[in-house]
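Trainee: Here you go, this is work10.txt (compact mmCIF, C-alpha atoms).
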```txt
# COMPACT_ATOMS: atom_id res chain seq x y z
CA MET A 114 -8.24 -14.22 -32.08
CA GLN A 115 -8.03 -12.72 -28.56
CA PRO A 116 -4.24 -13.31 -28.17
CA PHE A 117 -3.70 -11.70 -31.58
CA HIS A 118 -5.63 -8.56 -30.62
CA GLY A 119 -3.89 -8.54 -27.22
CA ALA A 120 -0.49 -8.52 -28.87
CA LEU A 121 -1.61 -5.73 -31.20
CA ALA A 122 -2.86 -3.66 -28.27
CA LEU A 123 0.44 -4.15 -26.41
CA ALA A 124 2.40 -3.07 -29.48
CA CYS A 125 0.23 0.03 -29.78
CA GLY A 126 0.75 0.85 -26.11
CA LEU A 127 4.53 0.55 -26.39
CA ALA A 128 4.54 2.67 -29.54
CA ALA A 129 2.19 5.27 -28.01
CA SER A 130 0.93 5.95 -31.52
CA ALA A 131 -2.47 7.53 -32.21
CA ALA A 132 -2.40 6.08 -35.71
CA CYS A 133 -1.91 2.57 -34.29
CA ALA A 134 -4.99 3.00 -32.08
CA GLN A 135 -7.01 3.64 -35.24
CA THR A 136 -5.83 0.44 -36.91
CA SER A 137 -7.88 -2.76 -36.81
CA VAL A 138 -6.73 -6.23 -37.89
CA GLN A 139 -9.05 -9.26 -37.76
CA VAL A 140 -8.62 -12.99 -38.28
CA TYR A 141 -11.86 -14.64 -39.43
CA GLY A 142 -13.08 -17.75 -41.17
CA LEU A 143 -15.68 -20.39 -41.84
CA VAL A 144 -15.43 -24.19 -41.82
CA ASP A 145 -18.17 -26.26 -43.44
CA SER A 146 -18.14 -29.97 -44.15
CA GLY A 147 -20.32 -33.07 -44.16
CA LEU A 148 -21.30 -36.11 -46.19
CA ALA A 149 -23.04 -36.33 -49.56
CA HIS A 150 -24.49 -39.25 -51.54
CA ILE A 151 -25.11 -38.81 -55.27
CA THR A 152 -26.63 -41.33 -57.68
CA ASN A 153 -25.48 -42.06 -61.25
CA ALA A 154 -21.94 -40.81 -60.69
CA ASP A 155 -20.62 -42.90 -63.61
CA ALA A 156 -21.85 -44.31 -66.91
CA ASP A 157 -22.87 -47.58 -65.22
CA GLY A 158 -25.25 -45.79 -62.89
CA ASN A 159 -23.25 -46.33 -59.71
CA GLY A 160 -23.68 -43.93 -56.81
CA VAL A 161 -20.96 -42.39 -54.67
CA THR A 162 -20.73 -41.26 -51.03
CA LYS A 163 -18.09 -38.67 -50.22
CA VAL A 164 -16.89 -35.73 -48.18
CA PRO A 165 -17.30 -32.79 -50.60
CA SER A 166 -14.19 -30.92 -51.67
CA LEU A 167 -15.33 -27.59 -53.14
CA THR A 168 -18.08 -26.63 -50.69
CA GLY A 169 -20.76 -27.78 -48.25
CA SER A 170 -23.46 -25.18 -47.67
CA LEU A 171 -20.73 -22.51 -47.98
CA PRO A 172 -17.07 -22.68 -49.07
CA SER A 173 -14.61 -22.96 -46.18
CA ARG A 174 -12.03 -20.22 -45.74
CA ILE A 175 -9.67 -18.40 -43.39
CA GLY A 176 -8.88 -14.74 -43.83
CA PHE A 177 -7.13 -11.66 -42.55
CA ARG A 178 -8.51 -8.17 -43.00
CA GLY A 179 -7.51 -4.82 -41.64
CA THR A 180 -8.34 -1.13 -41.85
CA GLU A 181 -6.60 2.10 -40.94
CA ASP A 182 -8.41 5.40 -40.42
CA LEU A 183 -6.66 8.05 -42.52
CA GLY A 184 -8.92 10.90 -41.44
CA ASN A 185 -11.69 12.87 -43.17
CA GLY A 186 -13.73 9.69 -43.64
CA LEU A 187 -11.00 7.92 -45.62
CA GLN A 188 -9.80 4.42 -44.76
CA ALA A 189 -7.11 2.13 -46.11
CA PHE A 190 -7.86 -1.60 -46.03
CA PHE A 191 -6.54 -4.99 -47.03
CA VAL A 192 -8.04 -8.48 -47.41
CA LEU A 193 -6.13 -11.79 -47.63
CA GLU A 194 -8.45 -14.81 -47.78
CA ASN A 195 -7.55 -18.47 -48.33
CA GLY A 196 -10.00 -21.12 -49.57
CA ILE A 197 -9.81 -24.58 -47.97
CA SER A 198 -10.79 -27.99 -49.35
CA MET A 199 -12.20 -29.65 -46.24
CA ASP A 200 -11.80 -33.22 -47.51
CA THR A 201 -7.99 -33.01 -47.77
CA GLY A 202 -6.99 -29.65 -46.30
CA ALA A 203 -5.60 -28.46 -49.63
CA ALA A 204 -5.75 -24.82 -50.68
CA GLY A 205 -8.70 -23.95 -52.91
CA GLN A 206 -9.00 -21.78 -56.03
CA GLY A 207 -6.41 -23.71 -58.00
CA GLY A 208 -3.97 -24.08 -55.10
CA ARG A 209 -3.53 -20.36 -54.47
CA LEU A 210 -2.38 -19.29 -51.00
CA PHE A 211 -4.97 -16.49 -50.89
CA GLY A 212 -7.24 -17.60 -53.70
CA ARG A 213 -10.47 -16.06 -52.44
CA ALA A 214 -9.01 -12.56 -52.06
CA ALA A 215 -5.67 -10.77 -52.08
CA ASN A 216 -6.18 -7.04 -52.37
CA VAL A 217 -5.57 -3.61 -50.89
CA GLY A 218 -7.56 -0.43 -51.31
CA LEU A 219 -9.14 2.81 -50.14
CA LYS A 220 -12.74 3.49 -49.14
CA GLY A 221 -14.72 6.61 -48.37
CA SER A 222 -18.11 8.22 -48.93
CA TRP A 223 -17.38 8.08 -52.67
CA GLY A 224 -17.07 4.27 -52.65
CA THR A 225 -14.35 1.62 -52.55
CA LEU A 226 -11.30 1.34 -54.82
CA THR A 227 -9.49 -2.03 -54.79
CA VAL A 228 -6.32 -3.41 -56.42
CA GLY A 229 -5.41 -7.12 -56.58
CA ARG A 230 -7.27 -10.43 -56.82
CA GLN A 231 -10.92 -9.77 -56.02
CA VAL A 232 -14.51 -10.81 -56.67
CA ASN A 233 -15.92 -9.13 -59.75
CA MET A 234 -19.39 -7.78 -60.56
CA THR A 235 -20.78 -11.14 -61.72
CA PHE A 236 -20.09 -12.51 -58.23
CA ILE A 237 -21.62 -9.49 -56.51
CA SER A 238 -24.70 -9.35 -58.77
CA SER A 239 -26.34 -12.52 -57.39
CA MET A 240 -25.22 -12.36 -53.74
CA LYS A 241 -28.63 -11.25 -52.44
CA SER A 242 -30.90 -12.94 -54.99
CA ASP A 243 -29.42 -16.46 -55.05
CA VAL A 244 -30.94 -17.90 -51.85
CA MET A 245 -28.92 -21.15 -52.03
CA GLY A 246 -25.60 -19.41 -52.53
CA PRO A 247 -22.53 -21.44 -53.53
CA GLN A 248 -23.56 -24.68 -51.80
CA LEU A 249 -22.81 -28.14 -53.21
CA PHE A 250 -26.23 -28.47 -54.90
CA SER A 251 -26.99 -25.09 -56.53
CA ILE A 252 -26.79 -23.08 -59.74
CA SER A 253 -23.02 -23.08 -59.13
CA SER A 254 -23.11 -26.70 -60.38
CA ILE A 255 -24.63 -25.57 -63.69
CA ASP A 256 -22.06 -22.80 -64.22
CA LEU A 257 -18.93 -23.29 -62.10
CA TYR A 258 -17.84 -19.74 -62.89
CA ILE A 259 -20.59 -18.25 -60.70
CA PRO A 260 -18.94 -18.99 -57.30
CA ASN A 261 -15.48 -18.48 -58.83
CA ALA A 262 -16.15 -15.08 -60.44
CA ARG A 263 -12.89 -13.55 -59.30
CA SER A 264 -10.27 -11.66 -61.30
CA ASP A 265 -6.50 -11.63 -60.90
CA ASN A 266 -4.47 -8.48 -61.68
CA ALA A 267 -7.59 -6.34 -61.28
CA ILE A 268 -8.64 -2.82 -60.38
CA GLY A 269 -12.16 -2.57 -58.95
CA TYR A 270 -14.65 0.08 -57.85
CA LEU A 271 -17.96 -0.24 -55.99
CA GLY A 272 -20.15 2.59 -54.74
CA ASN A 273 -23.50 2.81 -52.94
CA PHE A 274 -25.31 6.13 -53.30
CA ASN A 275 -28.54 6.03 -51.28
CA GLY A 276 -29.19 2.50 -52.50
CA VAL A 277 -28.02 3.00 -56.08
CA MET A 278 -25.18 0.51 -56.70
CA VAL A 279 -22.47 1.21 -59.28
CA GLY A 280 -19.46 -1.03 -59.79
CA ALA A 281 -16.81 -2.18 -62.25
CA THR A 282 -13.61 -4.21 -62.46
CA TYR A 283 -10.85 -4.29 -65.08
CA SER A 284 -8.31 -7.10 -65.18
CA PHE A 285 -5.02 -7.08 -67.09
CA GLY A 286 -4.83 -10.88 -66.76
CA ARG A 287 -7.89 -12.61 -65.38
CA ASP A 288 -6.45 -15.94 -64.18
CA GLY A 289 -2.85 -16.86 -63.40
CA VAL A 290 -3.35 -20.54 -62.44
CA ALA A 291 -3.21 -23.43 -64.89
CA THR A 292 -4.50 -26.45 -62.93
CA GLY A 293 -6.51 -27.26 -59.84
CA GLY A 294 -10.21 -27.03 -60.44
CA PRO A 295 -12.88 -24.81 -62.00
CA ALA A 296 -11.17 -21.61 -60.84
CA ALA A 297 -8.05 -22.37 -62.89
CA THR A 298 -8.16 -21.56 -66.62
CA ASN A 299 -4.55 -20.59 -67.41
CA CYS A 300 -4.89 -17.05 -68.70
CA PRO A 301 -2.40 -14.83 -66.81
CA GLY A 302 -2.30 -12.10 -69.47
CA GLU A 303 -0.12 -9.00 -69.20
CA VAL A 304 1.48 -9.91 -72.53
CA ALA A 305 3.66 -7.32 -74.25
CA GLY A 306 2.31 -6.49 -77.69
CA ASN A 307 -1.15 -8.00 -77.08
CA SER A 308 -3.38 -5.68 -75.09
CA GLN A 309 -6.39 -8.04 -75.43
CA ALA A 310 -4.74 -11.20 -74.06
CA CYS A 311 -6.71 -12.42 -71.02
CA ARG A 312 -8.30 -9.03 -70.45
CA GLN A 313 -11.57 -8.98 -68.50
CA TYR A 314 -13.97 -6.25 -67.56
CA THR A 315 -17.18 -6.42 -65.56
CA ALA A 316 -19.78 -3.81 -64.66
CA LEU A 317 -22.85 -3.55 -62.42
CA LEU A 318 -25.73 -1.11 -62.02
CA GLY A 319 -28.55 -1.63 -59.57
CA TYR A 320 -30.61 -0.59 -56.59
CA GLU A 321 -30.78 -2.17 -53.14
CA SER A 322 -33.05 -1.56 -50.15
CA ARG A 323 -34.26 -3.55 -47.18
CA ASN A 324 -37.40 -4.68 -49.01
CA TRP A 325 -36.25 -5.16 -52.61
CA GLY A 326 -33.36 -4.94 -55.00
CA LEU A 327 -32.63 -5.21 -58.71
CA ASN A 328 -29.39 -5.14 -60.70
CA ALA A 329 -27.84 -5.89 -64.06
CA SER A 330 -24.25 -6.94 -64.74
CA TYR A 331 -21.97 -7.46 -67.73
CA ASP A 332 -18.85 -9.64 -67.84
CA ARG A 333 -16.53 -9.99 -70.84
CA MET A 334 -13.31 -12.02 -70.84
CA ASN A 335 -10.80 -12.57 -73.61
CA GLY A 336 -8.60 -15.63 -74.02
CA ASN A 337 -5.05 -16.28 -75.11
CA THR A 338 -2.79 -19.13 -76.22
CA GLY A 339 -3.14 -22.12 -73.89
CA ALA A 340 -6.15 -20.81 -71.98
CA GLY A 341 -8.93 -23.16 -70.87
CA GLY A 342 -12.55 -23.28 -71.97
CA GLY A 343 -11.65 -23.08 -75.65
CA LEU A 344 -10.55 -19.43 -75.33
CA THR A 345 -7.20 -20.16 -76.96
CA SER A 346 -6.86 -16.84 -78.78
CA SER A 347 -7.08 -13.26 -77.54
CA GLY A 348 -9.88 -12.88 -80.10
CA ASN A 349 -11.98 -15.53 -78.34
CA THR A 350 -14.49 -14.18 -75.81
CA ASP A 351 -16.83 -15.38 -73.10
CA ILE A 352 -19.62 -12.92 -72.27
CA ARG A 353 -22.15 -13.19 -69.44
CA THR A 354 -24.99 -10.68 -68.99
CA THR A 355 -27.22 -10.98 -65.91
CA VAL A 356 -30.34 -9.54 -64.36
CA ASN A 357 -31.00 -10.36 -60.68
CA GLY A 358 -33.54 -9.29 -58.07
CA TYR A 359 -34.97 -10.01 -54.65
CA LEU A 360 -38.16 -9.13 -52.80
CA MET A 361 -38.95 -9.40 -49.08
CA LEU A 362 -42.48 -10.55 -48.21
CA GLY A 363 -42.43 -10.26 -44.44
CA GLY A 364 -39.70 -12.65 -43.33
CA THR A 365 -39.63 -14.53 -46.65
CA LYS A 366 -37.13 -13.63 -49.34
CA ILE A 367 -37.94 -14.33 -52.99
CA GLY A 368 -34.90 -14.23 -55.28
CA ALA A 369 -34.66 -14.68 -59.04
CA GLY A 370 -32.33 -14.00 -61.90
CA ALA A 371 -31.23 -14.79 -65.44
CA MET A 372 -27.82 -15.09 -67.10
CA ASP A 373 -27.33 -14.94 -70.86
CA ARG A 374 -24.01 -16.42 -71.98
CA GLU A 375 -22.29 -16.18 -75.35
CA THR A 376 -18.99 -18.05 -75.82
CA ASN A 377 -17.00 -17.47 -78.99
CA ALA A 378 -14.41 -20.22 -78.58
CA ALA A 379 -11.98 -21.99 -80.90
CA THR A 380 -14.62 -24.71 -81.32
CA GLY A 381 -17.27 -22.23 -82.44
CA LEU A 382 -20.10 -20.15 -81.01
CA SER A 383 -22.29 -21.43 -78.17
CA GLU A 384 -25.12 -19.59 -76.42
CA SER A 385 -27.30 -20.36 -73.41
CA LEU A 386 -29.77 -18.81 -70.99
CA LEU A 387 -29.70 -19.77 -67.30
CA PHE A 388 -32.56 -18.63 -65.08
CA TYR A 389 -33.46 -19.37 -61.47
CA VAL A 390 -36.07 -18.59 -58.82
CA GLY A 391 -35.93 -19.41 -55.14
CA ALA A 392 -37.27 -18.60 -51.69
CA SER A 393 -35.84 -18.50 -48.17
CA ARG A 394 -37.93 -18.55 -44.99
CA PRO A 395 -36.64 -18.52 -41.38
CA PHE A 396 -38.85 -19.86 -38.59
CA GLY A 397 -37.33 -19.87 -35.15
CA ALA A 398 -33.88 -21.46 -35.29
CA PHE A 399 -34.73 -23.14 -38.62
CA THR A 400 -34.32 -21.75 -42.15
CA LEU A 401 -35.84 -23.41 -45.21
CA ASP A 402 -34.41 -22.60 -48.66
CA ALA A 403 -35.60 -23.92 -52.03
CA GLN A 404 -34.67 -23.17 -55.61
CA PHE A 405 -35.51 -24.10 -59.21
CA ALA A 406 -33.11 -23.41 -62.07
CA ARG A 407 -32.87 -24.24 -65.75
CA ARG A 408 -30.26 -23.67 -68.44
CA ASN A 409 -31.53 -23.65 -72.02
CA ALA A 410 -28.85 -24.23 -74.65
CA LYS A 411 -29.65 -22.30 -77.82
CA ARG A 412 -29.82 -24.30 -81.06
CA SER A 413 -29.40 -27.51 -79.01
CA ASN A 414 -31.38 -29.98 -76.89
CA ASP A 415 -28.61 -30.13 -74.27
CA ASP A 416 -30.65 -28.45 -71.53
CA VAL A 417 -30.40 -28.98 -67.78
CA THR A 418 -32.87 -28.50 -64.88
CA LEU A 419 -32.13 -28.26 -61.15
CA TYR A 420 -34.39 -28.74 -58.11
CA VAL A 421 -32.91 -28.24 -54.63
CA ALA A 422 -34.06 -27.65 -51.04
CA ARG A 423 -32.15 -27.14 -47.80
CA LEU A 424 -33.13 -27.06 -44.12
CA SER A 425 -30.73 -25.45 -41.64
CA TYR A 426 -30.85 -25.35 -37.86
CA ALA A 427 -28.84 -22.73 -35.95
CA LEU A 428 -27.22 -24.22 -32.85
CA SER A 429 -25.85 -20.74 -32.07
CA LYS A 430 -25.10 -17.49 -33.88
CA ARG A 431 -21.97 -19.07 -35.37
CA THR A 432 -22.80 -22.79 -35.70
CA ALA A 433 -25.47 -24.56 -37.75
CA VAL A 434 -26.34 -28.03 -39.02
CA TYR A 435 -28.07 -28.53 -42.34
CA ALA A 436 -29.50 -31.13 -44.70
CA SER A 437 -30.10 -30.74 -48.42
CA VAL A 438 -31.76 -32.73 -51.22
CA GLY A 439 -31.43 -32.09 -54.93
CA ARG A 440 -32.04 -33.38 -58.42
CA MET A 441 -30.35 -32.52 -61.72
CA ASP A 442 -32.07 -33.53 -65.01
CA ASN A 443 -29.80 -33.62 -68.07
CA ASP A 444 -31.31 -33.56 -71.57
CA GLY A 445 -29.60 -34.56 -74.80
CA ALA A 446 -25.82 -34.70 -74.39
CA SER A 447 -25.79 -32.47 -71.30
CA ALA A 448 -23.58 -33.85 -68.50
CA VAL A 449 -23.95 -31.40 -65.61
CA ALA A 450 -23.36 -33.02 -62.22
CA LEU A 451 -25.66 -32.21 -59.30
CA ASP A 452 -22.70 -31.75 -56.97
CA ALA A 453 -20.30 -28.96 -57.93
CA GLY A 454 -17.17 -30.55 -59.38
CA GLY A 455 -18.78 -34.02 -59.59
CA THR A 456 -19.37 -36.35 -62.56
CA VAL A 457 -22.35 -37.72 -64.44
CA ALA A 458 -22.78 -39.49 -67.78
CA PRO A 459 -24.39 -37.51 -70.65
CA GLY A 460 -28.18 -37.45 -70.51
CA MET A 461 -28.40 -38.99 -67.04
CA ALA A 462 -30.35 -37.55 -64.10
CA GLN A 463 -28.83 -37.37 -60.63
CA ASN A 464 -30.40 -37.33 -57.18
CA GLY A 465 -28.46 -36.35 -54.08
CA VAL A 466 -28.69 -35.92 -50.33
CA MET A 467 -26.26 -34.06 -48.11
CA ALA A 468 -25.88 -33.27 -44.41
CA GLY A 469 -23.25 -31.16 -42.73
CA LEU A 470 -22.04 -28.80 -40.02
CA ARG A 471 -20.99 -25.15 -40.48
CA HIS A 472 -19.06 -22.99 -38.00
CA SER A 473 -17.86 -19.42 -38.45
CA PHE A 474 -15.32 -17.52 -36.36
```
Output the structure of this file as C-alpha cells.
Mentor:
Amino acid sequence: MQPFHGALALACGLAASAACAQTSVQVYGLVDSGLAHITNADADGNGVTKVPSLTGSLPSRIGFRGTEDLGNGLQAFFVLENGISMDTGAAGQGGRLFGRAANVGLKGSWGTLTVGRQVNMTFISSMKSDVMGPQLFSISSIDLYIPNARSDNAIGYLGNFNGVMVGATYSFGRDGVATGGPAATNCPGEVAGNSQACRQYTALLGYESRNWGLNASYDRMNGNTGAGGGLTSSGNTDIRTTVNGYLMLGGTKIGAGAMDRETNAATGLSESLLFYVGASRPFGAFTLDAQFARRNAKRSNDDVTLYVARLSYALSKRTAVYASVGRMDNDGASAVALDAGGTVAPGMAQNGVMAGLRHSF
C-alpha cells in the first residue's frame, strides 16, 4: 500500500493540483482461512474435513476505495471490492470480479447516495446485532441470503441523523449472475415491457447509540423467467421483514433479532420465522462469542436449531487466531448444513469444529 500512495503523491506533486491533494485512494482487504471438520456430511453419516470456501470467521476480500473532497462538506466516493474463495483462489459472489461492491456515490451531512452493486438494508440491519457475523457456523447457514444481501443495478440511500438511521435501496435487476453459489440466482431484470421483473426494494428505520440500538427492515424481491429459488415469474415474490437490536452491558454486547419470511414461489407459499440471540465478551486479547438461533417453518415440522460458540485471540491489531464449535439440529425434512454451503441429509444433526487465522490489511 505504501508504494501505491507514494506514486499517488508524486503524481499530485507533478500536477500541482489542489484537488488532487484532497483525493484519497486506499487498497484494503482481509484474508481468513483454516480447517473445519463436520459430521454427517452425507446420507451415510460420514464426516468431512476441509478448507472452507465461502468464509472462515469472516469472508475474505480485497478492495479499492477512494474519496474526493468537493467542498462545502460534500464528497464523491467509489468502492470496488472483490470476494475471494480461500480454498481455490476463485472469485466469490458467483464469480464476479467485484462481487462484494461496485458502486460510486456522493455523501454529505444529508447522508449517502450510492449507485451500483451494493449491500442493501437487510445486510445493514443485522451488522451490529449479529455477534457471530457471516462466519462458517452462523445464522448465515440457515439463510444464505443474509451474508449475500446485495443488489445489482441499485440506487441506495443511508442517513444518520443524531442516531436515527434511515435507509433504502431500489434495484432494477437484483442479480445478474446465473451460477456460482448462493449469491447467484439469475434475475438480471431491466426487461422492456415488464417493470416488475427482478425488481427489489429494501428499507430500514432505526436508532443507534454507543449503548444500544434497534432497527426494523423490509426487503421485497420479484422474480422472472429462469430465476432461482422458485421465483420464475415476475409475480413471484420473496419478502423478508426483520427486527434487530443490541445492548451493551459494560464490555459485553447482547444482540438479538427476528426475521419473518414469506416466499410466494412457483411451488406455492412458504413462511418461516428465524430468530437469534447472542453475546460477545472481550477479555484481554481474547473475545468469546456465542449464539443460539432457530427457524420455525410455518405449517410444517421442518424446523432447524443452531448452537455456536467462538473464541478468538488477537495476535495484533490486524491478526487473530480463532476456534469455533457448532451444532445444527434438523427436524422433519429440514436439511440445513452447519457449515455455510455444506451438505447434510434431511433430518440429520451436524456437529462441527473449526480453527483458523485472520489477517486484515
Trainee: Quick one: everything within 10 Å of Val457 (chain A), counting only C-alpha atoms, minus sequence neighbours fewer than 6 positions away in the same chain. Send it as a compact mmCIF listing (two decimals) with C-alpha atoms, in the frame of the given file.
Mentor:
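Written output follows (result.txt):
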```txt
# COMPACT_ATOMS: atom_id res chain seq x y z
CA ILE A 151 -25.11 -38.81 -55.27
CA THR A 152 -26.63 -41.33 -57.68
CA ASN A 153 -25.48 -42.06 -61.25
CA ALA A 154 -21.94 -40.81 -60.69
CA ASP A 155 -20.62 -42.90 -63.61
CA ALA A 156 -21.85 -44.31 -66.91
CA ASP A 157 -22.87 -47.58 -65.22
CA GLY A 158 -25.25 -45.79 -62.89
CA ASN A 159 -23.25 -46.33 -59.71
CA GLY A 160 -23.68 -43.93 -56.81
CA MET A 441 -30.35 -32.52 -61.72
CA ASN A 443 -29.80 -33.62 -68.07
CA SER A 447 -25.79 -32.47 -71.30
CA ALA A 448 -23.58 -33.85 -68.50
CA VAL A 449 -23.95 -31.40 -65.61
CA ALA A 450 -23.36 -33.02 -62.22
CA LEU A 451 -25.66 -32.21 -59.30
CA GLN A 463 -28.83 -37.37 -60.63
```
Trainee: To one decimal in Å, tell me the separation between CA of Phe388 (chain A) and CA of Tyr320 (chain A).
Mentor: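 Those two atoms sit 20.0 Å apart.
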Trainee: What is the CA of Val434 (chain A) to CA of Gly147 (chain A) distance in Å?
Mentor: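 Going from CA of Val434 (chain A) over to CA of Gly147 (chain A) covers 9.4 Å.
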Trainee: Please return as an MDAnalysis selection string every residue within 6 Å of (-30.7, 2.8, -50.2), taking into account all atoms listed in the file and the file's own coordinates.
Mentor: chainID A and resid 275:276 321:322
Trainee: Listing only residues of region 337-411 of chain A within 8 Å of region 298-319 of chain A, what is the closest atom pair and its distance in Å (to one decimal) for each, using only C-alpha atoms, sorted by chain and residue number ascending, as a tab-separated table?
Mentor:
```
residue	atom	partner	partner_atom	distance
A:Asn337	CA	A:Ala310	CA	5.2
A:Gly339	CA	A:Asn299	CA	6.8
A:Ala340	CA	A:Asn299	CA	4.8
A:Gly341	CA	A:Thr298	CA	4.6
A:Gly342	CA	A:Thr298	CA	7.1
A:Ser346	CA	A:Ala310	CA	7.7
A:Ser347	CA	A:Ala310	CA	4.7
A:Gly348	CA	A:Gln309	CA	7.6
```
Trainee: Nearest to Asn328 (chain A): which of A:Arg287, A:Ser238, A:Ala398, A:Ala379 is it, counting all atoms listed in the file?
Mentor: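 For Asn328 (chain A), the nearest of the candidates is A:Ser238.
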Trainee: Mind pulling up the distance from CA of Val356 (chain A) to CA of Asn464 (chain A)?
Mentor: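 Atom-to-atom, CA of Asn464 (chain A) and CA of Val356 (chain A) are spaced 28.7 Å apart.
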Trainee: Determine, counting all atoms listed in the file, which protein, DNA and RNA residues have an atom within 12 Å of an atom of Tyr283 (chain A); residues of the same chain fewer than 2 positions away are not included. Present the result as a VMD selection string.
Mentor: chain A and resid 226 to 234 263 to 270 280 to 281 285 to 287 309 311 to 316 331 to 335
Trainee: Counting all atoms listed in the file, figure out which residue out of A:Thr201, A:Ser242, A:Thr376, A:Ser170 gets nearest to Tyr435 (chain A).
Mentor: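 Result for the nearest residue to Tyr435 (chain A): A:Ser170.
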Trainee: Give me region 384-395 of chain A with N, CA and C atoms filled in, as an mmCIF file, in the frame of the given file.
Mentor:
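Heads up, here's the output in rebuild-v9.cif:
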```cif
data_model
loop_
_atom_site.group_PDB
_atom_site.id
_atom_site.type_symbol
_atom_site.label_atom_id
_atom_site.label_comp_id
_atom_site.auth_asym_id
_atom_site.auth_seq_id
_atom_site.Cartn_x
_atom_site.Cartn_y
_atom_site.Cartn_z
ATOM 1 N N GLU A 384 -24.305 -20.554 -77.160
ATOM 2 C CA GLU A 384 -25.120 -19.590 -76.420
ATOM 3 C C GLU A 384 -26.083 -20.334 -75.507
ATOM 4 N N SER A 385 -26.369 -19.739 -74.349
ATOM 5 C CA SER A 385 -27.300 -20.360 -73.410
ATOM 6 C C SER A 385 -27.953 -19.288 -72.546
ATOM 7 N N LEU A 386 -29.068 -19.674 -71.939
ATOM 8 C CA LEU A 386 -29.770 -18.810 -70.990
ATOM 9 C C LEU A 386 -30.030 -19.612 -69.727
ATOM 10 N N LEU A 387 -29.486 -19.154 -68.611
ATOM 11 C CA LEU A 387 -29.700 -19.770 -67.300
ATOM 12 C C LEU A 387 -30.609 -18.858 -66.489
ATOM 13 N N PHE A 388 -31.695 -19.423 -65.956
ATOM 14 C CA PHE A 388 -32.560 -18.630 -65.080
ATOM 15 C C PHE A 388 -32.900 -19.427 -63.834
ATOM 16 N N TYR A 389 -33.196 -18.719 -62.747
ATOM 17 C CA TYR A 389 -33.460 -19.370 -61.470
ATOM 18 C C TYR A 389 -34.466 -18.551 -60.671
ATOM 19 N N VAL A 390 -35.178 -19.240 -59.765
ATOM 20 C CA VAL A 390 -36.070 -18.590 -58.820
ATOM 21 C C VAL A 390 -36.029 -19.400 -57.529
ATOM 22 N N GLY A 391 -36.015 -18.715 -56.409
ATOM 23 C CA GLY A 391 -35.930 -19.410 -55.140
ATOM 24 C C GLY A 391 -36.565 -18.613 -54.024
ATOM 25 N N ALA A 392 -36.690 -19.258 -52.860
ATOM 26 C CA ALA A 392 -37.270 -18.600 -51.690
ATOM 27 C C ALA A 392 -36.549 -19.082 -50.440
ATOM 28 N N SER A 393 -36.472 -18.188 -49.449
ATOM 29 C CA SER A 393 -35.840 -18.500 -48.170
ATOM 30 C C SER A 393 -36.744 -18.002 -47.054
ATOM 31 N N ARG A 394 -37.017 -18.894 -46.067
ATOM 32 C CA ARG A 394 -37.930 -18.550 -44.990
ATOM 33 C C ARG A 394 -37.384 -19.032 -43.657
ATOM 34 N N PRO A 395 -37.031 -18.106 -42.738
ATOM 35 C CA PRO A 395 -36.640 -18.520 -41.380
ATOM 36 C C PRO A 395 -37.870 -18.714 -40.501
#
```
